[in-house]
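target.csv follows; it contains CSV, C-alpha atoms.
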chain,number,residue,atom,x,y,z
A,201,MET,CA,-24.8,-37.8,60.6
A,202,MET,CA,-22.7,-36.1,57.9
A,203,LEU,CA,-23.2,-32.6,59.3
A,204,LEU,CA,-22.1,-33.5,62.8
A,205,ALA,CA,-19.2,-35.6,61.6
A,206,SER,CA,-17.9,-32.8,59.4
A,207,LYS,CA,-18.3,-30.2,62.2
A,208,LYS,CA,-16.0,-32.2,64.5
A,209,MET,CA,-13.3,-32.2,61.8
A,210,ILE,CA,-13.0,-28.4,61.9
A,211,THR,CA,-11.7,-26.7,65.0
A,212,GLY,CA,-11.7,-23.1,64.0
A,213,LEU,CA,-12.6,-20.6,61.3
A,214,VAL,CA,-9.0,-19.8,60.2
A,215,SER,CA,-8.1,-22.2,57.5
A,216,SER,CA,-4.4,-23.0,56.7
A,217,ALA,CA,-5.1,-22.5,53.0
A,218,ALA,CA,-2.4,-21.8,50.4
A,219,VAL,CA,-1.8,-18.2,49.5
A,220,LEU,CA,-4.1,-18.3,46.5
A,221,GLY,CA,-6.5,-20.8,47.8
A,222,MET,CA,-7.6,-18.7,50.7
A,223,PHE,CA,-9.1,-16.1,48.4
A,224,LEU,CA,-11.5,-18.5,46.8
A,225,THR,CA,-15.2,-18.2,47.9
A,226,PRO,CA,-17.7,-21.0,47.4
A,227,ASN,CA,-20.9,-20.1,45.5
A,228,ILE,CA,-23.4,-20.2,48.4
A,229,GLY,CA,-26.6,-18.1,48.3
A,230,PHE,CA,-27.9,-16.7,51.6
A,231,ALA,CA,-31.6,-15.8,51.8
A,232,GLN,CA,-33.0,-13.1,54.1
A,233,THR,CA,-34.7,-14.4,57.4
A,234,ALA,CA,-37.6,-13.3,59.6
A,235,LEU,CA,-35.3,-12.1,62.4
A,236,GLY,CA,-34.6,-9.0,60.5
A,237,GLU,CA,-33.0,-8.0,57.2
A,238,GLY,CA,-29.7,-10.0,56.8
A,239,VAL,CA,-29.9,-11.5,60.3
A,240,VAL,CA,-29.6,-15.3,60.5
A,241,ALA,CA,-29.6,-15.9,64.2
A,242,VAL,CA,-29.3,-14.1,67.6
A,243,VAL,CA,-27.2,-15.5,70.4
A,244,ASP,CA,-27.6,-13.9,73.8
A,245,GLY,CA,-28.5,-10.6,72.0
A,246,SER,CA,-25.6,-10.8,69.5
A,247,GLU,CA,-26.7,-11.0,65.9
A,248,ILE,CA,-25.2,-13.4,63.3
A,249,THR,CA,-25.7,-11.9,59.9
A,250,GLU,CA,-25.7,-13.1,56.3
A,251,GLN,CA,-22.4,-11.3,55.8
A,252,GLU,CA,-20.8,-13.2,58.6
A,253,LEU,CA,-22.1,-16.4,57.0
A,254,ALA,CA,-20.4,-15.4,53.8
A,255,PHE,CA,-17.1,-14.6,55.7
A,256,ALA,CA,-17.3,-18.0,57.3
A,257,ALA,CA,-17.8,-19.7,53.9
A,258,GLU,CA,-14.8,-17.9,52.6
A,259,ASP,CA,-12.6,-18.9,55.5
A,260,LEU,CA,-13.8,-22.5,55.3
A,261,ALA,CA,-13.8,-22.8,51.5
A,262,GLN,CA,-11.5,-25.8,51.5
A,263,ASP,CA,-13.4,-27.7,54.2
A,264,LEU,CA,-16.8,-27.0,52.7
A,265,GLY,CA,-15.9,-29.1,49.7
A,266,SER,CA,-16.5,-32.3,51.8
A,267,ILE,CA,-19.9,-31.2,52.9
A,268,PRO,CA,-23.0,-31.7,50.7
A,269,ALA,CA,-24.2,-28.4,49.3
A,270,GLY,CA,-27.6,-28.7,50.9
A,271,GLU,CA,-26.0,-29.0,54.4
A,272,ARG,CA,-23.5,-26.1,54.1
A,273,ARG,CA,-25.8,-23.3,55.3
A,274,ALA,CA,-26.8,-25.2,58.5
A,275,PHE,CA,-23.2,-26.2,59.1
A,276,LEU,CA,-21.9,-22.7,58.8
A,277,THR,CA,-24.7,-21.4,61.1
A,278,GLY,CA,-23.7,-24.0,63.7
A,279,VAL,CA,-20.1,-23.0,63.5
A,280,LEU,CA,-21.0,-19.3,63.9
A,281,ILE,CA,-23.3,-19.9,66.9
A,282,ASP,CA,-20.5,-21.9,68.6
A,283,MET,CA,-18.1,-19.1,67.8
A,284,LYS,CA,-20.4,-16.4,69.1
A,285,LEU,CA,-21.0,-18.3,72.4
A,286,MET,CA,-17.3,-18.7,73.0
A,287,ALA,CA,-16.5,-15.1,71.9
A,288,ASN,CA,-19.1,-13.8,74.3
A,289,GLU,CA,-17.6,-15.8,77.2
A,290,ALA,CA,-14.1,-14.7,76.3
A,291,ARG,CA,-15.2,-11.0,76.5
A,292,ARG,CA,-16.9,-11.7,79.8
A,293,THR,CA,-13.6,-13.1,81.2
A,294,ASP,CA,-11.6,-10.2,79.7
A,295,LEU,CA,-9.7,-12.4,77.3
A,296,ASP,CA,-10.2,-9.6,74.7
A,297,GLN,CA,-7.9,-7.5,76.8
A,298,SER,CA,-5.0,-9.9,76.6
A,299,GLU,CA,-1.8,-9.2,74.7
A,300,ALA,CA,-2.2,-12.5,72.7
A,301,TYR,CA,-5.6,-11.4,71.6
A,302,VAL,CA,-4.5,-8.0,70.5
A,303,ARG,CA,-1.6,-9.5,68.5
A,304,ARG,CA,-3.9,-12.1,66.8
A,305,LEU,CA,-6.5,-9.4,66.0
A,306,GLN,CA,-3.8,-7.3,64.3
A,307,TYR,CA,-2.7,-10.4,62.3
A,308,LEU,CA,-6.3,-11.1,61.2
A,309,GLN,CA,-6.9,-7.4,60.3
A,310,GLU,CA,-3.8,-7.5,58.1
A,311,ARG,CA,-4.8,-10.8,56.5
A,312,SER,CA,-8.2,-9.3,55.7
A,313,LEU,CA,-6.6,-6.2,54.2
A,314,ARG,CA,-4.3,-8.4,52.1
A,315,ARG,CA,-7.4,-10.3,50.9
A,316,ALA,CA,-9.0,-7.0,49.9
A,317,TYR,CA,-5.9,-5.8,48.1
A,318,PHE,CA,-5.6,-9.2,46.4
A,319,THR,CA,-9.2,-8.8,45.1
A,320,LYS,CA,-8.7,-5.3,43.9
A,321,ARG,CA,-5.1,-5.5,42.5
A,322,VAL,CA,-4.9,-9.1,41.3
A,323,GLU,CA,-8.3,-10.7,40.7
A,324,GLU,CA,-9.7,-7.6,39.0
A,325,GLY,CA,-6.6,-7.6,36.7
A,326,VAL,CA,-7.4,-11.0,35.3
A,327,GLY,CA,-10.6,-10.7,33.3
A,328,GLU,CA,-12.0,-12.9,30.5
A,329,ALA,CA,-10.5,-10.6,27.9
A,330,LYS,CA,-7.0,-11.3,29.2
A,331,ILE,CA,-7.7,-15.0,29.6
A,332,ARG,CA,-9.0,-15.2,26.0
A,333,ALA,CA,-6.0,-13.3,24.7
A,334,ALA,CA,-3.6,-15.7,26.5
A,335,TYR,CA,-5.6,-18.7,25.0
A,336,ASP,CA,-5.4,-17.2,21.5
A,337,GLU,CA,-1.6,-16.9,21.9
A,338,PHE,CA,-1.5,-20.5,23.1
A,339,ILE,CA,-3.5,-21.7,20.1
A,340,ALA,CA,-1.3,-19.7,17.7
A,341,ASN,CA,1.8,-21.5,18.9
A,342,TYR,CA,0.1,-24.9,19.6
A,343,LYS,CA,1.9,-27.9,18.2
A,344,GLY,CA,0.3,-31.1,19.4
A,345,GLU,CA,2.6,-33.9,20.5
A,346,PRO,CA,2.1,-37.1,18.4
A,347,GLU,CA,0.4,-40.0,20.1
A,348,LEU,CA,0.8,-43.6,19.3
A,349,HIS,CA,-1.8,-46.4,19.6
A,350,ALA,CA,0.2,-49.6,20.1
A,351,ARG,CA,-0.1,-53.1,21.3
A,352,HIS,CA,2.6,-55.3,22.9
A,353,ILE,CA,3.3,-58.8,23.9
A,354,LEU,CA,5.5,-59.1,27.1
A,355,VAL,CA,7.5,-62.3,27.7
A,356,GLU,CA,10.3,-63.3,30.0
A,357,THR,CA,13.1,-64.1,27.5
A,358,LYS,CA,14.4,-62.9,24.2
A,359,ASP,CA,14.0,-66.3,22.7
A,360,GLU,CA,10.3,-66.2,23.5
A,361,ALA,CA,10.1,-62.8,21.8
A,362,LEU,CA,11.8,-64.1,18.7
A,363,ALA,CA,9.5,-67.0,18.5
A,364,ILE,CA,6.5,-64.7,18.7
A,365,ILE,CA,7.9,-62.6,15.9
A,366,ALA,CA,8.3,-65.7,13.8
A,367,ASP,CA,4.6,-66.7,14.5
A,368,LEU,CA,3.5,-63.1,13.4
A,369,GLU,CA,5.6,-63.3,10.2
A,370,ALA,CA,3.8,-66.6,9.5
A,371,GLY,CA,0.4,-64.9,9.7
A,372,ALA,CA,-0.6,-65.3,13.4
A,373,ASP,CA,-3.0,-62.6,14.8
A,374,PHE,CA,-1.2,-60.2,17.1
A,375,ALA,CA,-4.1,-59.8,19.5
A,376,GLU,CA,-4.7,-63.5,19.8
A,377,LEU,CA,-1.0,-64.1,20.5
A,378,ALA,CA,-1.0,-61.4,23.2
A,379,GLN,CA,-4.0,-63.1,24.9
A,380,GLU,CA,-2.3,-66.4,24.8
A,381,LYS,CA,1.4,-65.6,25.4
A,382,SER,CA,1.8,-62.2,27.1
A,383,ILE,CA,2.5,-61.9,30.8
A,384,GLY,CA,1.6,-58.2,30.9
A,385,PRO,CA,-1.7,-56.8,32.4
A,386,SER,CA,-2.9,-55.8,28.9
A,387,ALA,CA,-3.0,-59.4,27.7
A,388,PRO,CA,-6.8,-59.9,28.1
A,389,ASN,CA,-7.2,-56.8,25.8
A,390,GLY,CA,-5.0,-58.3,23.1
A,391,GLY,CA,-2.0,-56.3,24.4
A,392,ASP,CA,-3.8,-53.0,23.6
A,393,LEU,CA,-2.1,-50.0,25.4
A,394,GLY,CA,-4.4,-47.3,23.9
A,395,PHE,CA,-2.9,-44.0,22.9
A,396,PHE,CA,0.2,-42.6,24.6
A,397,ALA,CA,2.5,-39.7,24.1
A,398,ARG,CA,6.2,-39.4,24.8
A,399,GLY,CA,7.0,-39.6,28.5
A,400,ARG,CA,4.3,-42.1,29.3
A,401,MET,CA,6.3,-45.3,28.8
A,402,VAL,CA,9.7,-46.5,29.9
A,403,LYS,CA,12.4,-45.1,27.6
A,404,GLU,CA,13.4,-48.3,25.8
A,405,PHE,CA,9.8,-49.2,25.0
A,406,GLU,CA,9.0,-45.6,23.9
A,407,ASP,CA,12.1,-45.3,21.7
A,408,ALA,CA,11.3,-48.5,19.8
A,409,ALA,CA,7.6,-47.7,19.4
A,410,PHE,CA,8.2,-44.2,18.0
A,411,LEU,CA,10.5,-45.7,15.3
A,412,LEU,CA,7.7,-47.9,13.9
A,413,ASP,CA,5.5,-47.3,10.9
A,414,VAL,CA,1.8,-48.0,11.2
A,415,GLY,CA,1.3,-51.7,11.1
A,416,GLY,CA,5.0,-52.4,11.9
A,417,ILE,CA,6.3,-54.9,14.4
A,418,SER,CA,9.4,-54.2,16.5
A,419,PRO,CA,12.3,-56.5,17.1
A,420,PRO,CA,12.5,-57.7,20.7
A,421,VAL,CA,12.8,-54.8,23.1
A,422,GLN,CA,14.1,-55.3,26.6
A,423,THR,CA,12.9,-53.3,29.6
A,424,GLN,CA,12.9,-53.7,33.3
A,425,PHE,CA,9.7,-55.7,32.9
A,426,GLY,CA,11.0,-58.3,30.4
A,427,TRP,CA,11.0,-58.6,26.6
A,428,HIS,CA,8.4,-56.8,24.4
A,429,VAL,CA,7.2,-57.3,20.9
A,430,ILE,CA,5.4,-54.0,19.8
A,431,LYS,CA,2.9,-53.4,17.1
A,432,LEU,CA,1.9,-49.9,16.0
A,433,ASP,CA,-1.8,-49.7,15.2
A,434,GLU,CA,-2.2,-45.9,14.4
A,435,THR,CA,-0.8,-42.4,15.2
A,436,ARG,CA,-2.6,-39.1,15.8
A,437,VAL,CA,-1.9,-35.5,16.7
A,438,PRO,CA,-4.6,-34.5,19.2
A,439,ASP,CA,-6.6,-31.3,18.6
A,440,ALA,CA,-5.9,-28.2,20.7
A,441,PRO,CA,-7.9,-28.1,23.9
A,442,THR,CA,-10.9,-25.8,23.9
A,443,PHE,CA,-11.1,-22.4,25.6
A,444,GLU,CA,-13.5,-23.8,28.1
A,445,LYS,CA,-11.1,-26.6,29.1
A,446,MET,CA,-8.1,-24.3,29.2
A,447,ALA,CA,-9.6,-21.2,30.8
A,448,PRO,CA,-9.3,-22.3,34.5
A,449,GLN,CA,-5.6,-23.2,34.0
A,450,ILE,CA,-4.9,-20.0,32.2
A,451,GLN,CA,-6.7,-18.0,34.8
A,452,GLN,CA,-4.7,-19.6,37.6
A,453,GLN,CA,-1.4,-18.9,35.7
A,454,LEU,CA,-2.3,-15.3,35.0
A,455,THR,CA,-3.4,-14.8,38.6
A,456,ARG,CA,-0.1,-16.2,39.8
A,457,GLN,CA,1.7,-13.8,37.5
A,458,GLU,CA,-0.4,-10.8,38.5
A,459,TYR,CA,0.2,-11.7,42.2
A,460,ASP,CA,4.0,-11.9,41.6
A,461,ASN,CA,4.0,-8.6,39.8
A,462,ALA,CA,2.1,-6.9,42.6
A,463,ILE,CA,4.6,-8.3,45.2
A,464,VAL,CA,7.6,-7.2,43.2
A,465,GLU,CA,6.2,-3.7,42.9
A,466,LEU,CA,5.5,-3.5,46.6
A,467,LYS,CA,8.9,-4.8,47.6
A,468,ALA,CA,10.6,-2.4,45.3
A,469,GLY,CA,9.5,0.5,47.5
A,470,ALA,CA,9.7,-1.2,50.9
A,471,ASN,CA,12.3,-1.4,53.6
A,472,ILE,CA,12.5,-5.0,54.8
A,473,GLU,CA,14.8,-6.0,57.6
A,474,ILE,CA,15.1,-9.6,59.0
A,475,ALA,CA,17.1,-10.0,62.2
A,476,ASP,CA,18.3,-13.6,61.7
A,477,PRO,CA,21.0,-13.7,59.0
A,478,ALA,CA,20.2,-17.3,58.1
A,479,LEU,CA,16.5,-16.5,57.8
A,480,ALA,CA,17.3,-13.4,55.8
A,481,ALA,CA,19.4,-15.4,53.3
A,482,ALA,CA,16.7,-18.0,53.0
A,483,TYR,CA,14.1,-15.3,52.4
A,484,ALA,CA,16.3,-13.7,49.7
A,485,ALA,CA,16.6,-17.0,47.9
A,486,GLU,CA,12.8,-17.4,47.6
A,487,PRO,CA,11.1,-16.3,44.4
A,488,ALA,CA,9.8,-12.8,44.6
A,489,GLY,CA,6.1,-13.8,44.6
A,490,ASN,CA,6.5,-16.1,47.6

Please render this file's structure as structure tokens.
Amino acid sequence: MMLLASKKMITGLVSSAAVLGMFLTPNIGFAQTALGEGVVAVVDGSEITEQELAFAAEDLAQDLGSIPAGERRAFLTGVLIDMKLMANEARRTDLDQSEAYVRRLQYLQERSLRRAYFTKRVEEGVGEAKIRAAYDEFIANYKGEPELHARHILVETKDEALAIIADLEAGADFAELAQEKSIGPSAPNGGDLGFFARGRMVKEFEDAAFLLDVGGISPPVQTQFGWHVIKLDETRVPDAPTFEKMAPQIQQQLTRQEYDNAIVELKAGANIEIADPALAAAYAAEPAGN
């Protein structure tokens, strides 16, 4: 069963998410229950609340992606019941008095405070107005990279490539020759490579293709794959991406910048000492926002 299989994959509520990823909360709605306002379950007299379910969803945001949306609430409830049972037993055996527990509790408190500060200082500083302003600036400076639509015929020797060029000059159809002669994977499609921009093909092939006029045929071009004869079908400059497409990427970039700015400001007024000189040097070499 998907629910049970997924549960076995997760051994705790503290996820090892990346710095920014741990602040993302899945969109899960939690309804009120008959046990009392906001109470989901009661385990040996200890309540599990809707808020705790939301906290669990936040901690397990990365793991929840593999669980069907309709099963997430039951999954989280099961995780919290297990946690409550084990926590109650830990208190019964005085594990909550141990030094290790106190240290971990302090760590978790500071992590929660960092999350609260992140929300207030960073996330609230990146609203739609700022995202749209960044998009408008991007559009104002946008210069689309030209893309080529080309075909090619790949053969093993230069002499074969020269013979193909002779056939083309005599009126042979490029696509038919590609299907008949090419040893490349695009042969069944008449050598069609679709559209591509610079950086998508090996350098020798790319340089030759971008020198062609529409309808032009290249001389033999040697690459690591063999010898190519290239035909340029058309060129285009793609339209700028829409705001809806760019917004998530811009939001991520602005959030990263806002986070870096916050850390730089905090470090400027802080006294940080690291005992190990090698570790201190490595820390100093890291970007400020790390």

Under the rule that only C-alpha atoms are counted, which of A:Ile248, A:Ile417, A:Ala462, A:Ala257 is the nearest residue to A:Ile281?
A:Ile248

Of the candidates A:Ile383, A:Ala475, A:Phe318, A:Arg332, which shows the shortest atom-to-atom distance to A:Phe443, using all atoms listed in the file?
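Closest candidate: A:Arg332.
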
Smallest atom-to-atom distance to A:Val242: which of A:Gln262, A:Ser418, A:Thr277, A:Thr357, using only C-alpha atoms?
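For A:Val242, the nearest of the candidates is A:Thr277.
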
So that each row is one residue of stretch 354-385 of chain A with an atom at most 12 Å from stretch 400-415 of chain A, can you give its shortest atom pair and the distance in Å to one decimal, using all atoms listed in the file, rows by chain and rising number, as a tab-separated table?
residue	atom	partner	partner_atom	distance
A:Leu354	CA	A:Phe405	CA	11.0
A:Leu368	CA	A:Gly415	CA	11.8
A:Phe374	CA	A:Gly415	CA	10.7

Would you give the centre and edge lengths, in Å to one decimal, of a box along x, y and z around the listed atoms of stretch 296-305 of chain A, with 5 Å added to each side, as AutoDock Vina command-line options?
--center_x -5.9 --center_y -10.0 --center_z 71.4 --size_x 18.6 --size_y 15.0 --size_z 20.8

Do you have the atom CA of A:Ala334-atom CA of A:Ala485 distance handy?
29.5 Å

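Nearest residue to A:His428 among A:Ser382, A:Thr249, A:Gln309, A:Thr455 is A:Ser382, counting only C-alpha atoms.
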
In Å, how far is it from atom CA of A:Glu345 to atom CA of A:Ser386?
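According to the coordinates, atom CA of A:Glu345 and atom CA of A:Ser386 are separated by 24.1 Å.
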
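The interatomic distance for the pair atom CA of A:Gly399 and atom CA of A:Glu347 works out to 10.7 Å.
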
With a distance cut-off of 9 Å and all atoms listed in the file, select the neighbouring residues of stretch 284-293 of chain A, excluding the residue or stretch itself and same-chain residues fewer than 4 positions from it, and output the selection as an NGL selection string.
:A and (243-244 or 246-248 or 279-280 or 297)

Store the residues picked out above in a file with C-alpha atoms, as a CSV table (one decimal), keeping the file's coordinate frame.
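Everything below was put into selection05.csv:
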chain,number,residue,atom,x,y,z
A,243,VAL,CA,-27.2,-15.5,70.4
A,244,ASP,CA,-27.6,-13.9,73.8
A,246,SER,CA,-25.6,-10.8,69.5
A,247,GLU,CA,-26.7,-11.0,65.9
A,248,ILE,CA,-25.2,-13.4,63.3
A,279,VAL,CA,-20.1,-23.0,63.5
A,280,LEU,CA,-21.0,-19.3,63.9
A,297,GLN,CA,-7.9,-7.5,76.8

A:Ile353, A:Val464, A:Val437, A:Leu308 ranked by distance to A:Asp259, top pick (using only C-alpha atoms)
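Smallest distance to A:Asp259 is found for A:Leu308.
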
Can you tell me, as a VMD selection string, what residues are no more than 12 Å from A:Glu444 when counting all atoms listed in the file, ignoring any on the same chain fewer than 3 positions away?
chain A and resid 328 331 to 332 335 440 to 441 447 to 451

Selected residues written out, C-alpha atoms, as a PDB file, in the coordinates of the input:
ATOM      1  CA  GLU A 328     -12.000 -12.900  30.500  1.00  0.00           C
ATOM      2  CA  ILE A 331      -7.700 -15.000  29.600  1.00  0.00           C
ATOM      3  CA  ARG A 332      -9.000 -15.200  26.000  1.00  0.00           C
ATOM      4  CA  TYR A 335      -5.600 -18.700  25.000  1.00  0.00           C
ATOM      5  CA  ALA A 440      -5.900 -28.200  20.700  1.00  0.00           C
ATOM      6  CA  PRO A 441      -7.900 -28.100  23.900  1.00  0.00           C
ATOM      7  CA  ALA A 447      -9.600 -21.200  30.800  1.00  0.00           C
ATOM      8  CA  PRO A 448      -9.300 -22.300  34.500  1.00  0.00           C
ATOM      9  CA  GLN A 449      -5.600 -23.200  34.000  1.00  0.00           C
ATOM     10  CA  ILE A 450      -4.900 -20.000  32.200  1.00  0.00           C
ATOM     11  CA  GLN A 451      -6.700 -18.000  34.800  1.00  0.00           C
TER      12      GLN A 451
END
